[in-house]
Amino acid sequence: MGLPHHTAQRVSGWAVGTPGPIRTGPLVRAPRRTVSPGRGELLLQVEACGVCRTDLHLAEGDLAPHRPQTIPGHEIVGRVAALGEAVTLFRAGDRVGGAWLRGTCGSCRFCGTGRENLCPRSTYTGWDTDGGFADLALLPEAFAYRLPPARDAALLAPLLCAGIIGYRSLRRSALPRGGRLGIYGFGASAHLAAQVALAEGATVHVMTRSAQARELAIRLGASSAGGAHASPPEPLDSAILFAPVGDLVPVALEALDRSGTLAVAGIHLSDIPVLNYQRHLFQERNLRSVTSNTRQDGREFLELAERIGIQVTVSRYPPDQADRALADLAADRVNGAAVLTPDSR
C-alpha cells in the first residue's frame, strides 16, 4: 500500500561546486530543485545527516565527481514525507535511514553471491545522486533501513555509514574472539567499531594523532592509546587503518603478530610506501581492503548496535554550516562524528 503520487517538492541544500581544498570553499548553496518520489522511492524529510570523511574526499576532489553540483551526504535519518508507486514496506511518517550504497544491478556474479558491495554497476548516495546535505532526500525503498522512531536522530545518523563500514572493516580484519586489535585513526567509524570489538571480548589499542581522540578511546575502554606512529604495547592479531594515510600501512603491518591481518577501511588512501617483504608481509601477515558494504552488513550492525547499546559521540552542526563541519573534519577538530541537524542551535 502506498500514498498516491505526491506533488513535487522543492529541495535546497549544499552541493559540491568546483572540488578543491576545503579552504577554497568547494561547497556551494545548491540551486533549489524539484523532486518527487519515483517508482519504489521514498521522499524523506531530513532530520539529520552525518558528515563522513568520504564527503570530504568528494568535496576536495580525491574522489572524482560522478555528476556536477551533487549534494553530498549519505548518513541520512529522515521521516517519510511521500511514497512513490509500488512502495510496500514503509508508510508516511516512518523513521528511515539511508546509507552509502544506494543501488546494485542484482544480477551480476557479485550480487548473486552475497557480494553486492562489489557490483560493477553499484550506485552511491551523495555521489551518483543527491544526498542528505539538504532538507529533502530521495531514497530507494530497497536500500532503506527502518530506524527507532523515538531515538535522537543525530545519534542514529553516524551508524549508517561510519558504523556499518566500521563493522565491515572489523569483520575484514579477521579478529579472533578475544584477540588483540589495533586501530589507526580514531574518528567516527573507529569509535563505533572499537565498541563492537570490546563487546566481543577484544583488547583494543588505539593509535591516533588527536589527543582528544585518544582520551575518547580510553573512556570507551581501549587498553592503550598512543600517537599515530606509536608501537602498540603488544603484537596485534588484527588491525584496521581508518586514517586515509598510506604511510601508516607499513607501520600497522609491522605491528602485527604472525598471521595477523590489516584491513584498510577508507575509500581513498594516500600512496603506500615501498614495503619490505621480511618486515611487513612475511610470516603470513595479510593486507586487505574494504569496499563499501552490503545491506546485510547494515542489518547486522544496526541490530548489534541496538543490542550492545553502542555509544555515539557526536559534534552537532546546523545544516547551514556544512562547510564548517567539513573544515573541522579536515583539521581533526571533530570528536567522534560530525552531524548536521536542525536541533544543534
# chains A, B, ... in the order shown; residues from 1 in each chain; ligands from 1
$ residues_around --residues "region 291-300 of chain A" --least-positions-apart "4" --cutoff "8 Å" --atoms "only C-alpha atoms" --output "CSV table (one decimal) with N, CA and C atoms, in the first residue's frame"
chain,number,residue,atom,x,y,z
A,100,TRP,N,25.4,4.7,2.3
A,100,TRP,CA,26.2,5.0,1.1
A,100,TRP,C,25.8,4.2,-0.1
A,101,LEU,N,25.6,2.9,0.1
A,101,LEU,CA,25.2,2.0,-1.0
A,101,LEU,C,23.7,2.3,-1.3
A,114,GLY,N,26.2,-12.8,-2.7
A,114,GLY,CA,26.3,-12.1,-1.4
A,114,GLY,C,27.4,-11.0,-1.3
A,115,ARG,N,27.9,-10.6,-2.5
A,115,ARG,CA,28.9,-9.6,-2.5
A,115,ARG,C,28.5,-8.3,-3.3
A,116,GLU,N,27.3,-7.9,-3.0
A,116,GLU,CA,26.8,-6.7,-3.8
A,116,GLU,C,27.6,-5.5,-3.6
A,117,ASN,N,28.4,-5.4,-2.6
A,117,ASN,CA,29.3,-4.2,-2.4
A,117,ASN,C,30.3,-4.1,-3.6
A,118,LEU,N,30.5,-5.2,-4.3
A,118,LEU,CA,31.5,-5.2,-5.4
A,118,LEU,C,30.8,-5.2,-6.8
A,143,PHE,N,16.8,0.0,-0.4
A,143,PHE,CA,18.1,0.3,0.2
A,143,PHE,C,17.9,1.2,1.5
A,145,TYR,N,16.7,1.6,5.6
A,145,TYR,CA,16.7,0.9,6.9
A,145,TYR,C,15.7,1.5,7.8
A,160,LEU,N,24.9,4.8,10.1
A,160,LEU,CA,24.5,4.4,8.8
A,160,LEU,C,25.7,4.4,7.8
A,164,ILE,N,28.4,1.2,9.9
A,164,ILE,CA,28.3,0.0,9.0
A,164,ILE,C,29.6,-0.3,8.4
A,165,ILE,N,30.3,0.7,7.9
A,165,ILE,CA,31.7,0.5,7.3
A,165,ILE,C,32.7,0.0,8.4
A,167,TYR,N,31.9,-1.7,11.0
A,167,TYR,CA,31.6,-3.1,11.2
A,167,TYR,C,32.2,-4.0,10.2
A,168,ARG,N,32.0,-3.7,8.9
A,168,ARG,CA,32.6,-4.5,7.8
A,168,ARG,C,34.1,-4.5,7.9
A,265,ALA,N,40.3,0.6,5.7
A,265,ALA,CA,38.9,0.9,5.7
A,265,ALA,C,38.5,2.0,4.7
A,267,ILE,N,37.8,4.7,1.6
A,267,ILE,CA,37.6,4.6,0.1
A,267,ILE,C,38.7,5.3,-0.6
A,304,LEU,N,23.1,-5.2,16.0
A,304,LEU,CA,24.1,-5.4,17.1
A,304,LEU,C,24.3,-4.1,17.9
$ select_by_dssp --residues "region 156-319 of chain A" --states "helix (DSSP H, G or I)" --output "JSON, numbers by chain"
{"A": [156, 157, 158, 159, 160, 162, 163, 164, 165, 166, 167, 168, 169, 170, 171, 172, 188, 189, 190, 191, 192, 193, 194, 195, 196, 197, 198, 199, 211, 212, 213, 214, 215, 216, 217, 218, 219, 220, 248, 249, 250, 251, 252, 253, 254, 255, 277, 278, 279, 280, 281, 295, 296, 297, 298, 299, 300, 301, 302, 303, 304, 305, 306, 307, 308, 319]}
$ closest_atom_pairs --of "region 299-333 of chain A" --to "region 206-226 of chain A" --cutoff "9 Å" --atoms "only C-alpha atoms" --output "CSV"
residue,atom,partner,partner_atom,distance
A:Gln311,CA,A:Leu220,CA,8.5
A:Thr313,CA,A:Leu216,CA,8.9
A:Asp332,CA,A:Ser210,CA,7.0
A:Arg333,CA,A:Ser210,CA,8.6
$ residues_around --residues "Pro319 (chain A)" --least-positions-apart "2" --cutoff "7 Å" --atoms "only C-alpha atoms" --output "list in words"
Tyr317, Gln321, Ala322, Leu340, Thr341 and Pro342 of chain A
$ write_last_selection --atoms "C-alpha atoms" --output "CSV table (one decimal), in the first residue's frame"
chain,number,residue,atom,x,y,z
A,317,TYR,CA,26.3,21.5,13.4
A,321,GLN,CA,27.2,25.1,8.5
A,322,ALA,CA,28.0,22.1,6.4
A,340,LEU,CA,24.2,18.2,10.5
A,341,THR,CA,20.9,18.6,12.5
A,342,PRO,CA,18.4,21.4,12.9
$ residues_around --residues "region 178-183 of chain A" --least-positions-apart "3" --cutoff "9 Å" --atoms "only C-alpha atoms" --output "VMD selection string"
chain A and resid 173 175 186 190 194 197 to 198 200 to 208 232 234 to 242 252 255 to 256 262
$ closest_residue --among "A:Gly106, A:Gly131, A:Pro19, A:Gly227" --to "His57 (chain A)" --atoms "only C-alpha atoms"
A:Pro19
$ residues_around --residues "Gln283 (chain A)" --least-positions-apart "6" --cutoff "9 Å" --atoms "only C-alpha atoms" --output "PyMOL selection string"
chain A and resi 257-260
$ select_by_dssp --residues "region 31-214 of chain A" --states "strand (DSSP E or B)" --output "PyMOL selection string"
chain A and resi 31-35+41-51+76-83+95-98+101-103+123-125+129+134+136-140+144-146+180-184+203-207
$ write_last_selection --atoms "C-alpha atoms" --output "tab-separated table (two decimals), in the first residue's frame"
chain	number	residue	atom	x	y	z
A	31	PRO	CA	20.03	25.65	-6.50
A	32	ARG	CA	16.54	24.70	-5.41
A	33	ARG	CA	15.46	21.60	-7.27
A	34	THR	CA	12.08	19.99	-7.76
A	35	VAL	CA	11.87	16.40	-6.57
A	41	GLU	CA	11.25	5.51	-3.91
A	42	LEU	CA	10.75	7.35	-0.63
A	43	LEU	CA	10.89	11.11	-0.21
A	44	LEU	CA	12.43	11.88	3.18
A	45	GLN	CA	12.21	15.00	5.28
A	46	VAL	CA	15.79	15.01	6.56
A	47	GLU	CA	16.12	15.11	10.35
A	48	ALA	CA	19.89	14.63	10.50
A	49	CYS	CA	22.77	13.76	8.19
A	50	GLY	CA	26.19	12.60	9.27
A	51	VAL	CA	29.29	14.24	7.79
A	76	ILE	CA	20.62	10.21	6.34
A	77	VAL	CA	17.94	9.99	9.00
A	78	GLY	CA	14.51	11.21	7.97
A	79	ARG	CA	10.77	10.81	8.11
A	80	VAL	CA	8.90	9.54	5.07
A	81	ALA	CA	7.15	12.56	3.56
A	82	ALA	CA	5.85	10.86	0.43
A	83	LEU	CA	5.83	7.47	-1.27
A	95	ARG	CA	11.62	6.90	10.54
A	96	VAL	CA	14.04	5.69	7.83
A	97	GLY	CA	17.80	5.67	7.28
A	98	GLY	CA	19.75	5.96	4.04
A	101	LEU	CA	25.18	2.02	-1.01
A	102	ARG	CA	22.12	3.16	-2.98
A	103	GLY	CA	21.70	0.66	-5.78
A	123	THR	CA	25.46	3.49	-7.20
A	124	TYR	CA	26.05	5.66	-4.16
A	125	THR	CA	24.10	8.26	-2.20
A	129	THR	CA	22.55	11.02	-6.70
A	134	ALA	CA	19.60	19.11	2.22
A	136	LEU	CA	14.69	16.61	1.47
A	137	ALA	CA	16.22	13.45	0.00
A	138	LEU	CA	15.09	10.61	-2.25
A	139	LEU	CA	15.88	7.03	-1.29
A	140	PRO	CA	15.04	3.68	-2.90
A	144	ALA	CA	16.35	1.95	3.22
A	145	TYR	CA	16.75	0.88	6.85
A	146	ARG	CA	13.94	1.11	9.39
A	180	ARG	CA	44.24	-8.02	20.13
A	181	LEU	CA	43.06	-5.26	17.78
A	182	GLY	CA	44.98	-2.17	16.73
A	183	ILE	CA	43.02	0.82	15.41
A	184	TYR	CA	44.85	3.54	13.45
A	203	THR	CA	41.70	-5.98	23.67
A	204	VAL	CA	41.86	-2.70	21.75
A	205	HIS	CA	44.90	-0.48	21.23
A	206	VAL	CA	44.41	2.88	19.50
A	207	MET	CA	46.99	4.90	17.56
$ atom_distance --atom1 "CA of Leu155 (chain A)" --atom2 "CA of His191 (chain A)"
13.1 Å
$ atom_distance --atom1 "CA of Leu147 (chain A)" --atom2 "CA of Asp320 (chain A)"
24.9 Å
$ residues_around --residues "Ala337 (chain A)" --least-positions-apart "2" --cutoff "8 Å" --atoms "only C-alpha atoms" --output "JSON, numbers by chain"
{"A": [50, 51, 52, 158, 187, 188, 312, 313, 314, 315, 334, 335, 339]}
$ residues_around --residues "region 13-16 of chain A" --least-positions-apart "5" --cutoff "8 Å" --atoms "only C-alpha atoms" --output "list in words"
Pro26, Leu27, Val28, Arg29, Ala30, Pro31, Arg32, Leu58, Ala59, Pro68, Gln69, Thr70, Ile71, Pro72, Phe133, Ala134, Asp135 and Ala322 of chain A
$ closest_residue --among "A:Arg288, A:Arg109, A:Arg151, A:Arg39" --to "Val87 (chain A)" --atoms "only C-alpha atoms"
A:Arg39
$ atom_distance --atom1 "CA of Arg177 (chain A)" --atom2 "CA of Val196 (chain A)"
11.7 Å
$ closest_residue --among "A:Ala157, A:Val264, A:Ile272, A:Ser189" --to "Arg316 (chain A)" --atoms "only C-alpha atoms"
A:Ala157
